[in-house]
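J.: One file is attached below, entry.txt, containing compact mmCIF, C-alpha atoms and all ligand atoms.
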```txt
# COMPACT_ATOMS: atom_id res chain seq x y z
CA MET A 1 -6.87 -225.49 220.04
CA ALA A 2 -7.97 -223.58 216.99
CA ARG A 3 -11.03 -224.77 215.18
CA VAL A 4 -10.66 -225.26 211.46
CA LEU A 5 -13.66 -225.59 209.20
CA SER A 6 -14.01 -226.32 205.52
CA GLY A 7 -16.35 -227.99 203.10
CA VAL A 8 -16.65 -229.04 199.49
CA LYS A 9 -19.81 -228.80 197.44
CA PRO A 10 -20.84 -232.12 195.86
CA THR A 11 -21.37 -230.94 192.31
CA GLY A 12 -19.65 -232.37 189.27
CA LYS A 13 -16.51 -234.41 189.00
CA MET A 14 -13.60 -233.40 191.22
CA THR A 15 -10.32 -232.45 189.61
CA LEU A 16 -6.59 -232.56 190.32
CA GLY A 17 -7.01 -228.88 191.22
CA ASN A 18 -9.51 -229.83 193.95
CA TYR A 19 -7.10 -232.50 195.14
CA LEU A 20 -4.06 -230.22 195.40
CA GLY A 21 -6.05 -227.26 196.70
CA SER A 22 -8.43 -228.96 199.13
CA PHE A 23 -8.38 -232.68 199.83
CA ARG A 24 -4.63 -233.05 200.13
CA ASN A 25 -4.36 -230.13 202.56
CA PHE A 26 -7.12 -231.00 204.98
CA PRO A 27 -5.29 -233.74 206.95
CA LYS A 28 -2.66 -231.17 207.99
CA PHE A 29 -5.26 -229.56 210.18
CA GLN A 30 -6.31 -232.60 212.13
CA ASP A 31 -3.45 -232.98 214.61
CA ASP A 32 -2.85 -229.53 216.10
CA ASN A 33 -6.37 -228.22 215.62
CA GLN A 34 -9.91 -229.41 215.92
CA ALA A 35 -11.06 -229.79 212.35
CA TYR A 36 -14.65 -229.82 211.10
CA ILE A 37 -14.81 -230.94 207.49
CA PHE A 38 -18.10 -231.45 205.75
CA VAL A 39 -19.93 -232.14 202.50
CA ALA A 40 -21.82 -228.97 201.56
CA ASP A 41 -24.80 -230.76 200.06
CA LEU A 42 -27.30 -227.96 200.75
CA HIS A 43 -25.09 -225.60 198.78
CA ALA A 44 -25.24 -228.01 195.85
CA LEU A 45 -28.94 -227.13 195.46
CA THR A 46 -28.14 -223.52 194.59
CA LEU A 47 -27.81 -224.49 190.93
CA PRO A 48 -29.98 -227.07 189.14
CA ILE A 49 -28.67 -230.55 189.92
CA ASP A 50 -29.91 -234.07 189.22
CA PRO A 51 -30.94 -235.76 192.52
CA LEU A 52 -29.06 -238.96 191.63
CA VAL A 53 -25.91 -237.00 190.91
CA LEU A 54 -26.19 -235.07 194.18
CA HIS A 55 -26.77 -238.25 196.16
CA SER A 56 -23.86 -240.08 194.60
CA THR A 57 -21.41 -237.16 194.59
CA THR A 58 -21.99 -236.70 198.32
CA TYR A 59 -20.57 -240.19 198.89
CA ASP A 60 -17.73 -239.40 196.48
CA ILE A 61 -16.68 -236.36 198.47
CA VAL A 62 -16.62 -238.10 201.82
CA SER A 63 -14.67 -240.96 200.22
CA PHE A 64 -12.15 -238.44 198.88
CA TYR A 65 -11.82 -237.04 202.40
CA LEU A 66 -11.12 -240.47 203.80
CA ALA A 67 -8.76 -241.42 200.98
CA SER A 68 -6.81 -238.21 201.65
CA GLY A 69 -6.18 -239.35 205.18
CA LEU A 70 -8.84 -237.54 207.17
CA ASP A 71 -9.41 -239.68 210.22
CA PRO A 72 -12.95 -239.61 211.66
CA LYS A 73 -11.47 -240.17 215.11
CA LYS A 74 -9.64 -236.86 214.91
CA THR A 75 -11.70 -234.79 212.48
CA VAL A 76 -15.43 -234.25 212.69
CA LEU A 77 -16.54 -235.40 209.23
CA PHE A 78 -20.13 -234.68 208.43
CA ARG A 79 -22.84 -233.87 205.91
CA GLN A 80 -24.27 -230.36 206.05
CA SER A 81 -27.91 -231.41 205.69
CA ASP A 82 -27.64 -233.66 208.77
CA ILE A 83 -27.37 -230.54 210.91
CA PRO A 84 -30.78 -228.87 211.41
CA GLU A 85 -29.09 -226.11 213.42
CA VAL A 86 -27.49 -224.75 210.25
CA GLY A 87 -30.92 -224.11 208.75
CA MET A 88 -32.03 -222.26 211.88
CA LEU A 89 -28.90 -220.13 211.98
CA ASN A 90 -29.29 -219.38 208.28
CA ALA A 91 -32.89 -218.24 208.87
CA ILE A 92 -31.65 -215.85 211.55
CA LEU A 93 -28.62 -214.57 209.69
CA VAL A 94 -30.44 -213.58 206.49
CA ASN A 95 -31.72 -210.62 208.47
CA TYR A 96 -28.23 -209.28 209.13
CA VAL A 97 -26.92 -209.35 205.60
CA TYR A 98 -27.76 -206.67 203.10
CA MET A 99 -29.02 -207.32 199.60
CA GLY A 100 -26.49 -204.78 198.37
CA GLU A 101 -23.66 -206.85 199.84
CA LEU A 102 -24.90 -210.07 198.31
CA SER A 103 -25.28 -208.51 194.88
CA LEU A 104 -21.59 -207.59 194.93
CA MET A 105 -20.44 -211.19 195.24
CA THR A 106 -18.38 -212.23 192.22
CA GLN A 107 -19.56 -215.83 192.35
CA PHE A 108 -23.20 -214.74 192.30
CA LYS A 109 -22.59 -212.40 189.39
CA GLU A 110 -20.77 -215.06 187.39
CA LYS A 111 -23.14 -217.92 188.07
CA SER A 112 -26.36 -215.95 187.73
CA ALA A 113 -25.20 -214.47 184.42
CA LYS A 114 -25.31 -217.97 182.94
CA LEU A 115 -28.93 -218.57 184.00
CA ASN A 116 -32.28 -217.57 182.57
CA GLN A 117 -32.62 -214.14 184.20
CA LYS A 118 -36.21 -214.87 185.23
CA ALA A 119 -35.25 -218.08 187.03
CA ILE A 120 -32.39 -217.24 189.36
CA GLY A 121 -33.01 -219.09 192.60
CA CYS A 122 -32.84 -217.05 195.82
CA GLY A 123 -30.55 -219.71 197.24
CA LEU A 124 -27.84 -218.73 194.79
CA PHE A 125 -28.16 -215.16 196.04
CA THR A 126 -28.05 -216.12 199.73
CA TYR A 127 -25.34 -218.76 199.23
CA PRO A 128 -22.84 -216.74 201.32
CA VAL A 129 -25.30 -216.52 204.21
CA LEU A 130 -25.61 -220.28 204.49
CA MET A 131 -21.85 -220.43 204.22
CA ALA A 132 -21.54 -217.93 207.07
CA ALA A 133 -23.89 -220.14 209.10
CA ASP A 134 -21.57 -223.10 208.45
CA ILE A 135 -18.61 -221.07 209.59
CA PHE A 136 -20.19 -219.61 212.74
CA LEU A 137 -21.91 -222.75 213.95
CA TYR A 138 -18.71 -224.45 215.04
CA ASP A 139 -16.95 -221.36 216.42
CA SER A 140 -14.47 -221.62 213.56
CA ASP A 141 -11.23 -219.71 213.82
CA ILE A 142 -9.68 -220.71 210.52
CA VAL A 143 -11.39 -221.37 207.22
CA PRO A 144 -9.07 -222.80 204.56
CA VAL A 145 -10.63 -222.34 201.13
CA GLY A 146 -9.58 -221.52 197.60
CA GLU A 147 -9.24 -217.98 196.32
CA ASP A 148 -12.72 -218.17 194.75
CA GLN A 149 -14.34 -218.46 198.21
CA ARG A 150 -12.33 -215.69 199.83
CA GLN A 151 -14.97 -213.02 199.29
CA HIS A 152 -17.55 -215.20 201.02
CA VAL A 153 -15.38 -215.72 204.07
CA GLU A 154 -14.68 -211.99 204.21
CA LEU A 155 -18.39 -211.30 204.10
CA ALA A 156 -18.90 -213.80 206.93
CA HIS A 157 -16.32 -211.87 208.91
CA GLU A 158 -18.25 -208.65 208.28
CA ILE A 159 -21.56 -210.26 209.29
CA ALA A 160 -20.03 -211.51 212.53
CA ARG A 161 -18.61 -208.10 213.30
CA ARG A 162 -21.94 -206.40 212.61
CA PHE A 163 -23.92 -208.92 214.66
CA ASN A 164 -21.55 -208.67 217.60
CA SER A 165 -21.51 -204.90 217.66
CA ARG A 166 -25.29 -204.78 217.50
CA TYR A 167 -25.82 -207.21 220.38
CA GLY A 168 -22.65 -206.61 222.35
CA GLY A 169 -19.84 -209.04 223.04
CA GLU A 170 -18.31 -211.83 221.03
CA ILE A 171 -21.45 -213.82 220.36
CA ILE A 172 -20.13 -214.99 217.01
CA LYS A 173 -16.48 -215.92 216.61
CA LEU A 174 -14.67 -213.94 213.93
CA PRO A 175 -13.33 -216.33 211.29
CA LYS A 176 -10.08 -215.96 209.40
CA TYR A 177 -9.53 -216.99 205.81
CA VAL A 178 -6.49 -219.00 204.82
CA THR A 179 -5.59 -220.20 201.38
CA PRO A 180 -3.48 -223.27 200.63
CA ALA A 181 0.11 -222.48 199.67
CA VAL A 182 0.06 -224.85 196.73
CA GLY A 183 -2.73 -225.78 194.46
CA LYS A 184 -4.36 -222.41 194.42
CA ARG A 185 -3.46 -221.94 190.80
CA ILE A 186 -3.59 -225.21 188.96
CA MET A 187 -4.40 -224.31 185.39
CA SER A 188 -6.00 -226.23 182.56
CA LEU A 189 -3.56 -228.43 180.63
CA SER A 190 -5.09 -227.40 177.34
CA ASP A 191 -5.52 -223.73 178.19
CA PRO A 192 -2.98 -222.76 180.87
CA LEU A 193 -4.31 -219.21 181.15
CA HIS A 194 -7.49 -220.53 182.73
CA LYS A 195 -8.07 -222.42 185.93
CA MET A 196 -8.42 -226.20 185.80
CA SER A 197 -12.09 -226.36 186.63
CA LYS A 198 -15.00 -228.67 186.13
CA SER A 199 -16.67 -227.88 182.88
CA ASP A 200 -19.30 -229.25 180.54
CA ASP A 201 -17.36 -228.16 177.50
CA ARG A 202 -15.90 -231.23 175.78
CA GLU A 203 -12.90 -229.41 174.38
CA ALA A 204 -12.10 -227.90 177.80
CA GLN A 205 -12.30 -231.31 179.47
CA LYS A 206 -9.12 -232.40 177.70
CA GLY A 207 -7.24 -230.00 179.92
CA VAL A 208 -8.78 -231.24 183.15
CA ILE A 209 -7.55 -234.21 185.15
CA TYR A 210 -10.49 -235.71 186.98
CA LEU A 211 -9.81 -237.65 190.14
CA GLN A 212 -11.80 -240.54 188.73
CA ASP A 213 -10.01 -240.66 185.36
CA ASP A 214 -8.15 -243.91 184.74
CA GLU A 215 -4.38 -244.03 184.46
CA LYS A 216 -4.35 -244.21 180.67
CA THR A 217 -6.53 -241.11 180.35
CA ILE A 218 -4.48 -239.17 182.90
CA ARG A 219 -1.18 -239.99 181.19
CA LYS A 220 -2.62 -239.08 177.82
CA LYS A 221 -3.90 -235.72 179.06
CA ILE A 222 -0.52 -234.85 180.57
CA MET A 223 1.47 -235.97 177.53
CA SER A 224 -0.74 -233.84 175.29
CA ALA A 225 -0.68 -230.79 177.56
CA ILE A 226 -0.07 -227.57 175.67
CA THR A 227 3.57 -226.53 175.93
CA ASP A 228 5.20 -223.32 174.97
CA SER A 229 7.61 -222.29 172.29
CA GLY A 230 11.24 -222.95 173.05
CA SER A 231 12.51 -226.15 174.57
CA GLU A 232 13.69 -225.21 178.03
CA VAL A 233 11.93 -226.48 181.16
CA LYS A 234 11.79 -223.23 183.05
CA PHE A 235 9.37 -221.65 185.54
CA ASP A 236 8.12 -218.49 183.91
CA PRO A 237 4.33 -218.16 184.14
CA ALA A 238 4.20 -215.12 181.84
CA GLU A 239 6.31 -216.50 178.99
CA LYS A 240 5.77 -220.23 179.58
CA PRO A 241 2.36 -220.77 181.17
CA GLY A 242 2.04 -224.41 180.06
CA ILE A 243 5.41 -225.60 181.32
CA SER A 244 5.06 -223.50 184.47
CA ASN A 245 1.72 -225.10 185.24
CA LEU A 246 3.24 -228.58 184.90
CA LEU A 247 6.09 -227.49 187.19
CA THR A 248 3.55 -226.23 189.72
CA ILE A 249 1.80 -229.60 189.66
CA TYR A 250 5.07 -231.52 189.90
CA GLY A 251 6.34 -229.28 192.70
CA ALA A 252 3.10 -229.50 194.66
CA LEU A 253 3.23 -233.30 194.54
CA LYS A 254 6.89 -233.48 195.51
CA GLY A 255 6.75 -230.74 198.13
CA MET A 256 8.97 -228.23 196.34
CA GLU A 257 8.70 -224.82 194.82
CA PRO A 258 8.24 -224.91 191.04
CA GLU A 259 11.56 -223.09 190.51
CA GLU A 260 13.32 -225.75 192.52
CA ALA A 261 11.55 -228.48 190.54
CA SER A 262 12.72 -226.93 187.26
CA LYS A 263 16.35 -227.51 188.27
CA LEU A 264 15.76 -231.25 188.07
CA PHE A 265 14.96 -230.96 184.38
CA VAL A 266 17.76 -228.75 183.11
CA GLY A 267 18.75 -229.88 179.62
CA GLN A 268 15.83 -232.31 179.31
CA ASN A 269 13.22 -232.07 176.58
CA TYR A 270 9.51 -231.47 177.09
CA GLY A 271 8.63 -235.12 176.46
CA THR A 272 10.90 -236.45 179.20
CA PHE A 273 9.65 -233.77 181.56
CA LYS A 274 5.98 -234.55 180.88
CA LYS A 275 6.62 -238.23 181.45
CA ALA A 276 8.09 -237.35 184.87
CA VAL A 277 5.02 -235.23 185.66
CA ALA A 278 2.70 -238.08 184.64
CA ASP A 279 4.67 -240.49 186.85
CA ALA A 280 4.51 -238.08 189.78
CA VAL A 281 0.75 -237.66 189.37
CA MET A 282 0.17 -241.41 189.12
CA ASP A 283 2.50 -242.24 192.03
CA GLU A 284 0.18 -240.26 194.20
CA LEU A 285 -3.21 -240.57 192.53
CA GLY A 286 -2.93 -244.32 191.91
CA PRO A 287 -2.92 -245.32 195.60
CA PHE A 288 -5.35 -242.48 196.37
CA GLN A 289 -7.82 -243.88 193.85
CA GLN A 290 -7.48 -247.35 195.34
CA ARG A 291 -8.26 -246.05 198.81
CA PHE A 292 -11.12 -244.00 197.37
CA ASN A 293 -12.66 -247.05 195.69
CA ALA A 294 -12.48 -249.07 198.89
CA PHE A 295 -14.33 -246.38 200.88
CA ARG A 296 -16.76 -245.53 198.10
CA SER A 297 -17.90 -249.13 197.68
CA ASP A 298 -19.51 -249.26 201.13
CA GLU A 299 -22.29 -246.67 201.27
CA SER A 300 -23.76 -248.03 204.48
CA ALA A 301 -20.41 -247.56 206.23
CA LEU A 302 -20.38 -244.00 204.90
CA GLU A 303 -23.89 -243.43 206.26
CA ASP A 304 -22.72 -244.68 209.67
CA LEU A 305 -19.84 -242.28 209.51
CA PHE A 306 -22.21 -239.41 208.69
CA SER A 307 -24.39 -240.31 211.68
CA GLN A 308 -21.40 -240.31 214.03
CA GLY A 309 -20.12 -237.06 212.56
CA ALA A 310 -23.52 -235.39 212.86
CA LEU A 311 -23.69 -236.21 216.58
CA LYS A 312 -20.36 -234.50 217.20
CA ALA A 313 -21.07 -231.57 214.91
CA ARG A 314 -24.45 -230.92 216.54
CA GLU A 315 -22.89 -231.06 219.96
CA ALA A 316 -20.62 -228.19 218.93
CA ALA A 317 -23.42 -226.36 217.12
CA LYS A 318 -26.04 -226.27 219.87
CA PRO A 319 -24.32 -223.90 222.31
CA VAL A 320 -23.44 -221.51 219.50
CA LEU A 321 -26.99 -221.45 218.17
CA ASN A 322 -28.25 -220.90 221.73
CA ARG A 323 -25.99 -217.91 222.16
CA VAL A 324 -27.29 -216.37 218.94
CA MET A 325 -30.95 -217.11 219.74
CA LYS A 326 -30.55 -215.60 223.17
CA ALA A 327 -28.82 -212.51 221.86
CA VAL A 328 -31.62 -211.66 219.42
CA GLY A 329 -34.40 -212.47 221.88
CA LEU A 330 -35.65 -215.76 220.51
CA ARG A 331 -34.80 -217.40 223.85
N1 LIG A 401 -18.62 -222.85 199.05
C1 LIG A 401 -17.71 -223.94 199.20
C2 LIG A 401 -17.44 -224.57 197.83
O1 LIG A 401 -17.81 -224.02 196.84
C3 LIG A 401 -18.26 -224.99 200.13
C4 LIG A 401 -18.62 -224.44 201.46
C5 LIG A 401 -19.88 -224.29 201.96
C6 LIG A 401 -17.73 -223.99 202.47
N2 LIG A 401 -19.83 -223.78 203.22
C7 LIG A 401 -18.54 -223.57 203.57
C8 LIG A 401 -16.35 -223.88 202.56
C9 LIG A 401 -17.98 -223.06 204.74
C10 LIG A 401 -15.79 -223.36 203.72
C11 LIG A 401 -16.61 -222.95 204.81
O2 LIG A 401 -16.89 -225.64 197.72
```
Would you put the structure from the file into structure tokens?
Ligand code: TRP
T.:
Amino acid sequence: MARVLSGVKPTGKMTLGNYLGSFRNFPKFQDDNQAYIFVADLHALTLPIDPLVLHSTTYDIVSFYLASGLDPKKTVLFRQSDIPEVGMLNAILVNYVYMGELSLMTQFKEKSAKLNQKAIGCGLFTYPVLMAADIFLYDSDIVPVGEDQRQHVELAHEIARRFNSRYGGEIIKLPKYVTPAVGKRIMSLSDPLHKMSKSDDREAQKGVIYLQDDEKTIRKKIMSAITDSGSEVKFDPAEKPGISNLLTIYGALKGMEPEEASKLFVGQNYGTFKKAVADAVMDELGPFQQRFNAFRSDESALEDLFSQGALKAREAAKPVLNRVMKAVGLR
């Protein structure tokens, strides 16, 4: 059985893009594979974050996992900081990654550019190393993540290869990156040339559907989504980015290709089409939000779940860490 590993960082409010790209896809991995899905709370510290926000968002993420249908009996659901082994592996791995490699990472370049240049935390720089430790610790075969994390998984692959060739044998399992078929390109409703991502910018937030928005807000955002000139509901990302984005969302929810979805709206105007998109979003998000609220309201149950998950995750982690420690001579 292949081992699948993924995590989400508990920073900021999660969006429809996160839902279609991550949460909604994870349950697919829990029947034919052994899935390890976690809350990457240590990674959240790589940029300044309010402790109360971090604490609360961690519970949000695990509640989103549960609301999506991840079943703790099948999937190992855990919190990164409950696993001391990941810190140890990280401390070892930093010695096998080059500063030159880390400085090439797009995410580091983008995020550090926005900071005071004299106050860039080292954790932001070594972010991919901790991520590699996450990946290696559970002997992961498959790592489903969005396009933005691809470079990090590729670097992890390179680190594993380098480590193994230095010490001989397959001490670290080589991971493979996979990206979700849908949801990888959900764009902003107000600016369909840019990704729908969490943002502090008030204007930009109009184009973002947050998973915790209420129904009225969600419908309003969809009805006021930017559309394109013309009046035809057609999938054409170059000429009609706004309509195409709505078709991508509709298609992802209904399990069809956007082109196929467009056939349902031949001859209909933008307003009717948007209403159908809003209905499709609410048909799915409405019940999802109800399940989320039920899980989120019981933090002590979530803590119990984390304890159970940590036991199972550590059980998988210990032999891997032993192998690595032995290989380098620490044991
Ligand atoms: N970096 C991922 C994110 O931004 C979270 C993450 C941390 C992760 N470690 C990982 C994802 C290991 C996959 C595998 O959300």
J.: Find, counting all atoms listed in the file, the residue in A:Pro72, A:Val145, A:Leu47, A:Ile83 that gets nearest to ligand LIG 401 (chain A).
T.: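 Closest to ligand LIG 401 (chain A), using all atoms listed in the file: A:Val145.
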J.: Tell me which of A:Glu154, A:Asp134, A:Glu110, A:Asp60 sits closest to Ser6 of chain A, counting all atoms listed in the file.
T.: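 The closest residue to Ser6 of chain A is A:Asp134.
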J.: Would you mind telling me which residue in A:Ala278, A:Leu137, A:Ala91, A:Leu246 lies nearest to Val4 of chain A when using only C-alpha atoms?
T.: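 For Val4 of chain A, the nearest of the given residues is A:Leu137.
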J.: Could you tell me how far atom CA of Glu232 of chain A lies from atom CA of Phe265 of chain A, in Å and to one decimal?
T.: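 Those two atoms sit 8.7 Å apart.
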J.: Within 12 Å of (-27.6, -211.9, 196.7), in the coordinates the file gives, what residues turn up when you count only C-alpha atoms, written out as a VMD selection string?
T.: chain A and resid 46 94 97 to 112 120 to 130 152 155
